[in-house]
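For reference, the structure discussed in these notes is given below.
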Amino acid sequence: MSEHTLSLLVDNQPGVLTRVTGLIARRGYNIESLSVDRTDDLAISRVTLVVGAEHTPLEQIKKQLHKLINVHKIYDLTNEDAIERELLLVRLRVSEKQRAEILEICKMFQAQIADANGDCLTIEASGNHERLAALEDMLRPYGIAEFARTGKIALSRCPTH
């Protein structure tokens with residue numbers, strides 16, 4: 001399945017996200033990842049969507065999204081040189097010996113210890129999907145007690161002058 005990354009600038013109002021996601025769902029696309037927050041303009045929010053589609057172009061959906069009155073701009077970052085990040089929180093139950101090993105893994109991935117209490121460590125890391133999946137794979141043998149990942153956020157790279 002191919003994934004498409006869309007970044008939308010929309011009105012920061014109740015119901016806008018429901019209209020956007022409803023339109024996508026009604027067309028049979030699955031939303032793999034969703035992240036929303038306001039921008040520097042308090043009246044505008046940025047919605048970052050990762051949409052799964054079987055070799056189907058999103059042109060029709062983008063046209064229909066443009067028709068929604070609350071959607072101001074749509075950026076298709078799928079084939080762009082964009083900066084993409086996700087956040088991962090992982091909780092592990094570890095021994096003293098394992099702590100040192102895990103700290104070395106954290107250094108390799110530029111991850112931070114977000115919380116440490118007794119035999120429990122919570123690790124925080126950000127990066128692209130592949131990098132976080134690799135970190136998760138490295139930590140899995142230590143016994144992941146719990147983890148959470150955010151959706152993708154993305155911005156186009158700065159234009160060169």
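Chains: A, B, ... in order of the structure tokens. Residues: from 1 per chain. Ligands: from 1, in order shown.
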### Task
Mind the document's chain letters and residue numbers, and return as an NGL selection string the residues of stretch 20-91 of chain A that DSSP labels helix (DSSP H, G or I).
:A and (20-26 or 59-67)
Output for the residues just chosen: N, CA and C atoms as an mmCIF file, in the first residue's frame:
```
data_model
loop_
_atom_site.group_PDB
_atom_site.id
_atom_site.type_symbol
_atom_site.label_atom_id
_atom_site.label_comp_id
_atom_site.auth_asym_id
_atom_site.auth_seq_id
_atom_site.Cartn_x
_atom_site.Cartn_y
_atom_site.Cartn_z
ATOM 1 N N VAL A 20 -13.213 17.133 7.329
ATOM 2 C CA VAL A 20 -12.052 16.696 6.544
ATOM 3 C C VAL A 20 -11.917 15.171 6.589
ATOM 4 N N THR A 21 -11.919 14.604 7.783
ATOM 5 C CA THR A 21 -11.732 13.156 7.905
ATOM 6 C C THR A 21 -12.931 12.392 7.347
ATOM 7 N N GLY A 22 -14.132 12.943 7.498
ATOM 8 C CA GLY A 22 -15.321 12.313 6.937
ATOM 9 C C GLY A 22 -15.258 12.229 5.423
ATOM 10 N N LEU A 23 -14.810 13.293 4.788
ATOM 11 C CA LEU A 23 -14.675 13.309 3.334
ATOM 12 C C LEU A 23 -13.707 12.217 2.885
ATOM 13 N N ILE A 24 -12.594 12.096 3.570
ATOM 14 C CA ILE A 24 -11.582 11.093 3.204
ATOM 15 C C ILE A 24 -12.128 9.683 3.431
ATOM 16 N N ALA A 25 -12.790 9.459 4.554
ATOM 17 C CA ALA A 25 -13.343 8.131 4.860
ATOM 18 C C ALA A 25 -14.425 7.734 3.868
ATOM 19 N N ARG A 26 -15.278 8.686 3.488
ATOM 20 C CA ARG A 26 -16.354 8.378 2.538
ATOM 21 C C ARG A 26 -15.819 7.953 1.173
ATOM 22 N N GLU A 59 -5.768 13.053 -6.349
ATOM 23 C CA GLU A 59 -6.197 14.295 -6.986
ATOM 24 C C GLU A 59 -7.672 14.603 -6.733
ATOM 25 N N GLN A 60 -8.526 13.595 -6.842
ATOM 26 C CA GLN A 60 -9.959 13.823 -6.638
ATOM 27 C C GLN A 60 -10.230 14.273 -5.202
ATOM 28 N N ILE A 61 -9.580 13.638 -4.249
ATOM 29 C CA ILE A 61 -9.784 14.016 -2.834
ATOM 30 C C ILE A 61 -9.272 15.434 -2.598
ATOM 31 N N LYS A 62 -8.108 15.759 -3.152
ATOM 32 C CA LYS A 62 -7.565 17.111 -2.965
ATOM 33 C C LYS A 62 -8.514 18.152 -3.546
ATOM 34 N N LYS A 63 -9.113 17.864 -4.711
ATOM 35 C CA LYS A 63 -10.077 18.789 -5.310
ATOM 36 C C LYS A 63 -11.288 18.973 -4.401
ATOM 37 N N GLN A 64 -11.769 17.867 -3.829
ATOM 38 C CA GLN A 64 -12.931 17.951 -2.946
ATOM 39 C C GLN A 64 -12.588 18.648 -1.624
ATOM 40 N N LEU A 65 -11.389 18.430 -1.117
ATOM 41 C CA LEU A 65 -10.958 19.129 0.099
ATOM 42 C C LEU A 65 -10.893 20.636 -0.145
ATOM 43 N N HIS A 66 -10.402 21.028 -1.336
ATOM 44 C CA HIS A 66 -10.324 22.457 -1.679
ATOM 45 C C HIS A 66 -11.708 23.104 -1.674
ATOM 46 N N LYS A 67 -12.755 22.329 -1.946
ATOM 47 C CA LYS A 67 -14.113 22.860 -1.975
ATOM 48 C C LYS A 67 -14.666 23.130 -0.580
#
```
#### Entry: Separation of atom CA of A:Ile105 from atom CA of A:Ala133 in Å
13.3 Å
#### Entry: chain A: residues DSSP assigns to strand (DSSP E or B), reported as a VMD selection string
chain A and resid 2 to 11 30 to 38 44 to 53 71 to 76 82 to 93 112 to 117 120 to 127 144 to 149 153 to 156
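Near A:Phe109, within 9 Å and counting only C-alpha atoms, sit Glu104, Ile105, Cys106, Lys107, Ala111, Gln112, Ala125, Ser126, Gly127, Arg131, Leu132 and Leu135 of chain A; same-chain residues fewer than 2 positions away were not included.
With only C-alpha atoms as the atoms that count, the residue of A:Leu49, A:Ala82, A:Leu139, A:Cys158 with the shortest distance to A:Asn30 is A:Leu49.
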#### Entry: A:Leu103, A:Glu136, A:Arg46, A:Leu58 ranked by distance to A:Asp76, top pick (using only C-alpha atoms)
A:Leu58
### Task
Show which residues sit within 10 Å of A:Arg38, as a PyMOL selection string. Count only C-alpha atoms, and ignore same-chain residues fewer than 4 positions away.
chain A and resi 9-12+42-47
### Nearest to A:Ser2 by atom-to-atom distance, counting only C-alpha atoms, from A:Gly52, A:Arg149, A:Leu34, A:Arg19
A:Gly52
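The space between atom CA of A:Glu130 and atom CA of A:Gly28 spans 26.2 Å.
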